[in-house]
$ cat run.txt   # compact mmCIF, C-alpha atoms and all ligand atoms
# COMPACT_ATOMS: atom_id res chain seq x y z
CA MET A 1 0.00 0.00 0.00
CA LYS A 2 2.76 2.38 1.06
CA ALA A 3 4.65 1.55 -2.13
CA LYS A 4 1.53 2.30 -4.21
CA VAL A 5 1.14 5.78 -2.61
CA LEU A 6 4.82 6.50 -3.18
CA GLY A 7 4.42 5.32 -6.81
CA ILE A 8 1.50 7.73 -7.43
CA PHE A 9 3.49 10.54 -5.70
CA PHE A 10 6.52 10.08 -7.98
CA PHE A 11 4.25 9.69 -11.03
CA LEU A 12 2.65 13.09 -10.26
CA ILE A 13 6.10 14.70 -9.84
CA PHE A 14 7.13 13.17 -13.19
CA ILE A 15 4.02 14.60 -14.94
CA ASN A 16 4.69 18.05 -13.42
CA LEU A 17 8.28 17.97 -14.64
CA VAL A 18 7.09 17.11 -18.16
CA ILE A 19 4.58 20.04 -18.13
CA LEU A 20 7.28 22.41 -16.79
CA GLY A 21 9.60 21.27 -19.59
CA PHE A 22 6.99 22.13 -22.23
CA LYS A 23 6.47 25.58 -20.67
CA ILE A 24 10.22 26.33 -20.80
CA ILE A 25 10.37 25.33 -24.50
CA GLN A 26 7.41 27.61 -25.25
CA LEU A 27 9.04 30.48 -23.36
CA ASP A 28 12.16 30.03 -25.46
CA ARG A 29 10.14 30.26 -28.65
CA GLY A 30 8.41 33.36 -27.30
CA VAL A 31 11.77 35.05 -26.79
CA GLU A 32 12.71 34.33 -30.38
CA LYS A 33 9.71 36.29 -31.56
CA PHE A 34 10.99 39.42 -29.82
CA VAL A 35 14.06 39.79 -32.07
CA ASP A 36 13.52 43.26 -33.55
CA PRO A 37 12.98 42.76 -37.28
CA LEU A 38 13.78 46.43 -37.89
CA ALA A 39 17.13 46.47 -36.13
CA PRO A 40 19.76 47.60 -38.61
CA ALA A 41 21.14 44.24 -39.58
CA GLN A 42 24.08 45.33 -41.71
CA SER A 43 23.01 42.34 -43.73
CA THR A 44 25.02 43.42 -46.76
CA LYS A 45 27.59 40.94 -45.49
CA GLU A 46 25.27 38.00 -46.21
CA ILE A 47 25.74 38.24 -49.97
CA PRO A 48 29.06 36.70 -50.92
CA LYS A 49 31.58 38.71 -52.87
CA THR A 50 31.80 38.09 -56.55
CA ASN A 51 34.58 35.90 -57.88
CA SER A 52 33.30 35.18 -61.30
CA ALA A 53 34.85 36.24 -64.56
CA LEU A 54 31.56 37.62 -65.87
CA PRO A 55 31.44 41.26 -67.02
CA LYS A 56 30.21 43.33 -64.07
CA ILE A 57 27.71 46.18 -63.98
CA ALA A 58 27.28 48.45 -60.95
CA ILE A 59 24.08 50.45 -61.21
CA VAL A 60 23.93 53.51 -58.95
CA LEU A 61 20.49 55.00 -58.30
CA ASP A 62 20.87 58.66 -57.32
CA ASP A 63 18.77 61.32 -55.63
CA VAL A 64 17.05 59.30 -52.90
CA GLY A 65 15.76 61.32 -49.93
CA VAL A 66 12.02 61.89 -50.28
CA LYS A 67 9.57 59.04 -49.78
CA THR A 68 7.28 58.27 -52.73
CA PRO A 69 5.40 55.13 -53.84
CA LEU A 70 8.46 54.41 -56.00
CA ASN A 71 10.45 53.46 -52.89
CA ASN A 72 8.45 50.25 -52.64
CA VAL A 73 9.11 49.50 -56.30
CA LEU A 74 12.82 49.94 -55.61
CA LEU A 75 12.62 47.66 -52.55
CA ALA A 76 11.12 44.94 -54.73
CA ILE A 77 14.21 44.74 -56.96
CA PRO A 78 16.10 41.60 -55.86
CA TYR A 79 19.36 42.32 -57.70
CA LYS A 80 22.43 44.17 -56.42
CA LEU A 81 22.00 47.95 -56.58
CA ASN A 82 23.87 50.95 -55.22
CA ILE A 83 21.65 53.62 -53.68
CA ALA A 84 22.87 57.20 -53.25
CA ILE A 85 21.11 59.22 -50.54
CA ILE A 86 21.03 63.02 -50.45
CA PRO A 87 21.62 64.00 -46.80
CA GLY A 88 19.13 66.11 -44.88
CA LEU A 89 16.01 65.70 -47.00
CA ASN A 90 12.67 64.77 -45.38
CA ASP A 91 13.10 61.00 -45.48
CA SER A 92 16.84 60.53 -46.03
CA LYS A 93 17.44 58.83 -42.70
CA THR A 94 14.30 56.66 -42.77
CA LEU A 95 15.01 55.49 -46.30
CA LEU A 96 18.64 54.68 -45.49
CA LYS A 97 17.43 52.47 -42.61
CA GLU A 98 14.86 50.74 -44.82
CA TYR A 99 17.28 50.10 -47.66
CA LEU A 100 19.97 48.89 -45.27
CA LEU A 101 17.83 45.89 -44.42
CA ARG A 102 18.21 44.70 -48.00
CA PRO A 103 21.36 42.64 -48.43
CA ASN A 104 21.40 43.53 -52.13
CA PHE A 105 21.71 47.31 -51.61
CA GLU A 106 24.96 49.24 -51.05
CA MET A 107 24.51 52.78 -49.74
CA LEU A 108 26.34 55.96 -50.76
CA LEU A 109 26.26 59.57 -49.58
CA HIS A 110 25.03 61.64 -52.54
CA MET A 111 26.57 64.95 -51.59
CA PRO A 112 25.14 68.11 -53.17
CA MET A 113 27.87 70.36 -54.51
CA ASP A 114 27.91 73.81 -56.04
CA LYS A 115 27.03 73.58 -59.70
CA VAL A 116 27.64 77.14 -60.74
CA SER A 117 30.76 78.13 -62.60
CA HIS A 118 32.79 81.21 -61.68
CA SER A 119 31.55 82.99 -64.77
CA ASP A 120 27.91 82.77 -63.67
CA ASN A 121 26.21 85.84 -62.31
CA GLN A 122 25.71 86.51 -58.62
CA GLU A 123 21.99 85.75 -58.78
CA SER A 124 22.39 82.14 -59.88
CA ARG A 125 25.21 81.61 -57.35
CA GLU A 126 22.92 82.79 -54.55
CA TYR A 127 20.35 80.28 -55.75
CA ALA A 128 22.77 77.41 -55.54
CA TYR A 129 23.83 78.31 -52.01
CA THR A 130 20.37 78.82 -50.58
CA GLY A 131 18.72 76.06 -52.60
CA LYS A 132 16.80 73.09 -51.37
CA TYR A 133 19.71 71.15 -49.88
CA PRO A 134 20.42 71.49 -46.15
CA TYR A 135 24.02 70.33 -46.72
CA ILE A 136 25.90 71.52 -49.77
CA ILE A 137 29.58 71.99 -50.60
CA THR A 138 30.14 75.35 -52.26
CA THR A 139 33.19 76.99 -53.76
CA ALA A 140 32.79 79.75 -51.17
CA GLN A 141 33.68 77.36 -48.34
CA HIS A 142 37.14 77.05 -46.85
CA LYS A 143 38.61 73.67 -45.95
CA ASN A 144 37.27 73.66 -42.39
CA GLN A 145 33.80 74.68 -43.50
CA MET A 146 33.79 71.90 -46.08
CA ILE A 147 34.78 69.31 -43.49
CA LYS A 148 32.13 70.60 -41.08
CA THR A 149 29.47 70.37 -43.82
CA LEU A 150 30.54 66.82 -44.72
CA ASP A 151 30.56 65.76 -41.06
CA LYS A 152 27.10 67.18 -40.47
CA ALA A 153 25.75 65.63 -43.68
CA PHE A 154 27.22 62.26 -42.74
CA SER A 155 25.90 62.19 -39.19
CA SER A 156 22.46 63.38 -40.35
CA VAL A 157 21.90 60.06 -42.10
CA ASP A 158 24.40 57.46 -40.99
CA GLY A 159 24.09 56.01 -37.54
CA TYR A 160 25.43 52.59 -38.43
CA GLY A 161 28.61 53.04 -40.48
CA ALA A 162 26.43 52.12 -43.40
CA LEU A 163 27.66 54.49 -46.10
CA LYS A 164 30.30 52.84 -48.25
CA GLY A 165 31.01 55.67 -50.66
CA ILE A 166 30.40 59.29 -51.61
CA ASN A 167 29.37 60.68 -54.99
CA ASN A 168 28.56 64.18 -56.13
CA HIS A 169 25.09 65.55 -56.81
CA TYR A 170 25.81 68.22 -59.46
CA GLY A 171 29.03 69.93 -58.41
CA SER A 172 30.63 71.08 -61.65
CA SER A 173 32.59 73.85 -59.99
CA VAL A 174 33.65 71.74 -57.00
CA THR A 175 34.64 68.59 -58.88
CA ALA A 176 36.82 70.69 -61.20
CA SER A 177 38.83 72.00 -58.24
CA ALA A 178 41.83 69.89 -57.23
CA ASN A 179 42.05 71.57 -53.80
CA MET A 180 38.40 70.98 -52.95
CA MET A 181 38.39 67.42 -54.26
CA LEU A 182 41.47 66.66 -52.21
CA VAL A 183 39.65 67.76 -49.03
CA ILE A 184 36.60 65.65 -49.95
CA SER A 185 38.68 62.59 -50.91
CA LYS A 186 40.70 62.69 -47.69
CA TRP A 187 37.50 63.09 -45.68
CA ALA A 188 36.01 60.08 -47.50
CA LYS A 189 39.10 58.00 -46.73
CA SER A 190 38.96 58.90 -43.05
CA HIS A 191 35.38 57.60 -42.99
CA GLY A 192 36.27 54.37 -44.82
CA MET A 193 34.42 55.47 -47.93
CA TYR A 194 35.33 55.35 -51.61
CA VAL A 195 34.92 58.27 -54.01
CA LEU A 196 32.64 57.79 -57.00
CA ASP A 197 33.07 60.59 -59.52
CA SER A 198 29.59 60.99 -61.05
CA LEU A 199 31.34 62.74 -63.96
CA SER A 200 28.43 65.13 -64.31
CA THR A 201 30.75 67.26 -66.46
CA PRO A 202 33.84 66.27 -68.45
CA HIS A 203 35.90 68.76 -66.39
CA SER A 204 35.60 66.74 -63.21
CA ILE A 205 38.91 65.66 -61.71
CA ALA A 206 37.45 63.94 -58.63
CA TYR A 207 38.71 60.52 -59.71
CA GLU A 208 42.22 61.65 -60.67
CA VAL A 209 42.72 63.60 -57.42
CA ALA A 210 41.66 60.65 -55.26
CA LYS A 211 43.64 58.11 -57.29
CA LYS A 212 46.82 60.20 -57.04
CA ARG A 213 46.56 60.02 -53.26
CA LYS A 214 45.84 56.28 -53.36
CA ILE A 215 42.32 56.87 -52.11
CA LYS A 216 39.76 54.31 -53.31
CA ALA A 217 37.98 55.82 -56.29
CA ILE A 218 36.06 55.01 -59.45
CA TYR A 219 34.07 56.98 -62.00
CA ASN A 220 30.71 56.79 -63.70
CA GLU A 221 30.87 55.87 -67.36
CA ILE A 222 27.30 56.20 -68.48
CA PHE A 223 24.05 57.90 -67.44
CA LEU A 224 21.18 55.55 -68.18
CA ASP A 225 18.24 57.92 -68.15
CA ASN A 226 19.20 61.52 -68.85
CA ILE A 227 16.48 61.35 -71.50
CA ASN A 228 13.15 60.04 -70.21
CA SER A 229 12.32 57.55 -72.96
CA GLU A 230 12.14 53.79 -72.77
CA GLU A 231 13.95 53.38 -76.05
CA TYR A 232 16.78 55.62 -74.85
CA ILE A 233 17.18 53.80 -71.51
CA LEU A 234 17.24 50.42 -73.29
CA GLY A 235 19.90 51.77 -75.63
CA GLN A 236 22.01 53.06 -72.72
CA LEU A 237 21.71 49.70 -70.94
CA SER A 238 23.06 47.85 -73.96
CA LYS A 239 25.88 50.42 -74.23
CA ALA A 240 26.64 49.67 -70.57
CA GLN A 241 26.76 45.95 -71.40
CA ARG A 242 29.22 46.61 -74.24
CA LEU A 243 31.42 48.74 -71.92
CA ALA A 244 31.38 45.97 -69.29
CA GLU A 245 32.36 43.40 -71.91
CA ARG A 246 35.22 45.59 -73.12
CA ASN A 247 36.61 46.69 -69.73
CA GLY A 248 35.41 43.92 -67.43
CA HIS A 249 33.14 46.28 -65.56
CA VAL A 250 31.12 49.47 -65.78
CA VAL A 251 29.50 51.95 -63.38
CA ALA A 252 26.19 53.32 -64.65
CA ILE A 253 24.13 56.03 -62.93
CA ALA A 254 20.36 56.46 -63.09
CA ASN A 255 17.67 58.35 -61.22
CA ALA A 256 15.92 56.52 -58.38
CA ASN A 257 12.89 58.79 -58.73
CA SER A 258 12.09 57.85 -62.31
CA GLU A 259 9.19 55.43 -62.58
CA LEU A 260 10.18 54.58 -66.14
CA THR A 261 13.78 53.78 -65.15
CA LEU A 262 12.69 51.42 -62.36
CA LYS A 263 10.18 49.73 -64.67
CA VAL A 264 12.86 49.16 -67.31
CA LEU A 265 15.34 47.86 -64.69
CA ILE A 266 12.82 45.38 -63.30
CA THR A 267 12.28 43.82 -66.72
CA GLU A 268 15.82 44.20 -68.11
CA MET A 269 18.00 43.17 -65.15
CA PRO A 270 16.96 39.48 -65.31
CA ARG A 271 17.48 39.52 -69.07
CA ILE A 272 20.97 40.99 -68.68
CA ILE A 273 21.83 38.35 -66.05
CA SER A 274 20.64 35.63 -68.43
CA GLU A 275 23.09 37.04 -70.99
CA ASN A 276 25.92 36.28 -68.53
CA PHE A 277 26.50 39.64 -66.89
CA GLU A 278 26.71 40.20 -63.17
CA PHE A 279 25.28 43.11 -61.14
CA VAL A 280 27.63 44.19 -58.37
CA PHE A 281 28.26 46.74 -55.64
CA VAL A 282 30.55 49.63 -56.56
CA SER A 283 32.85 48.57 -53.68
CA GLU A 284 33.39 45.20 -55.39
CA LEU A 285 34.84 46.96 -58.44
CA ILE A 286 37.30 48.98 -56.38
CA GLU A 287 38.80 46.37 -54.07
ZN ZN B 301 22.05 63.67 -58.13

$ encode --input "run.txt" --output "structure tokens" --more "lines below"
Ligand SMILES: [Zn+2]
Amino acid sequence: MKAKVLGIFFFLIFINLVILGFKIIQLDRGVEKFVDPLAPAQSTKEIPKTNSALPKIAIVLDDVGVKTPLNNVLLAIPYKLNIAIIPGLNDSKTLLKEYLLRPNFEMLLHMPMDKVSHSDNQESREYAYTGKYPYIITTAQHKNQMIKTLDKAFSSVDGYGALKGINNHYGSSVTASANMMLVISKWAKSHGMYVLDSLSTPHSIAYEVAKKRKIKAIYNEIFLDNINSEEYILGQLSKAQRLAERNGHVVAIANANSELTLKVLITEMPRIISENFEFVFVSELIE
């Protein structure tokens, strides 16, 4: 009898232990659910670096900073893209965070620079300085002012060491100045960033200045959509393919805010891949 009571007692303890075990497992699963899906994952590292001998195309989409329905279209592109963010616009920081979660996006600082030449009249110069960009490099700035502007622009968007490179938004009079480009290149180097010369004018020496100082640099070879026509964009894309075949790689710039451009990219990128080209990050072409 005594043994029977003891048996029931131990059986009940056993059952309780089993129930407790299940509860602990469930708790564990509950904890898993609390991993913040929006935490900046720096997931760019998940995509392996390219090793292949295929001709490489780095597409840079410029002028991001204001949220529009097109941002979701951009997010739906599964291929490697380089996204250049203008600092200080309404949604620059939010968009950088959103795009950072995509392992197939590399982020750049798209720095507005003075686009007026010295021969232009005072009125147009004033316009450039007081224009719509909170952070802009102008030819009126001295070295320290330039560095301060770059620092402020950088910290206004980048909380995670996410920006891999810098390229110029306009900037004809800045990118033609060796002194100014030297300041910008050195600043980029100190922040672990490469310099991409957008080559918005043929007088730009951004690439040469950086290269001379052994600072990581590359230049744009082709604008894909400076004319808003499907036929034109298709033509520029096949020119980019020919350049990549000839030189091994090409950097091509387009506008992230053009619905037509995104539409063409969505249909053409898979076709270009099927023709044995590879889309890459700009950083992969420099290292
Ligand atoms: Zn731009």

$ residues_near_ligand --input "run.txt" --ligand "ligand ZN 301 (chain B)" --cutoff "6 Å" --atoms "all atoms listed in the file" --output "count of residues only"
3

$ atom_distance --input "run.txt" --atom1 "CA of Val251 (chain A)" --atom2 "CA of Leu81 (chain A)"
10.9 Å

$ residues_around --input "run.txt" --residues "Val64 (chain A)" --least-positions-apart "2" --cutoff "10 Å" --atoms "all atoms listed in the file" --output "ChimeraX atom specification"
/A:61-62,66-68,71,83-87,89,91-92,95-96,109-110,255-257

$ closest_residue --input "run.txt" --among "A:Gln236, A:Ala153, A:Ser283, A:His142" --to "Val195 (chain A)" --atoms "all atoms listed in the file"
A:Ser283

$ axis_aligned_box --input "run.txt" --around "region 63-75 of chain A" --padding-each-side "4 Å" --output "JSON"
{"center_x": 12.1, "center_y": 54.8, "center_z": -53.0, "size_x": 21.4, "size_y": 22.2, "size_z": 14.5}

$ residues_around --input "run.txt" --residues "Ala206 (chain A)" --least-positions-apart "6" --cutoff "6 Å" --atoms "all atoms listed in the file" --output "ChimeraX atom specification"
/A:175,181,197

$ residues_near_point --input "run.txt" --point "(9.4, 52.8, -61.4)" --cutoff "10 Å" --atoms "all atoms listed in the file" --output "list in words"
Pro69, Leu70, Asn71, Asn72, Val73, Leu74, Asn255, Ala256, Asn257, Ser258, Glu259, Leu260, Thr261, Leu262, Lys263, Val264, Leu265 and Ile266 of chain A
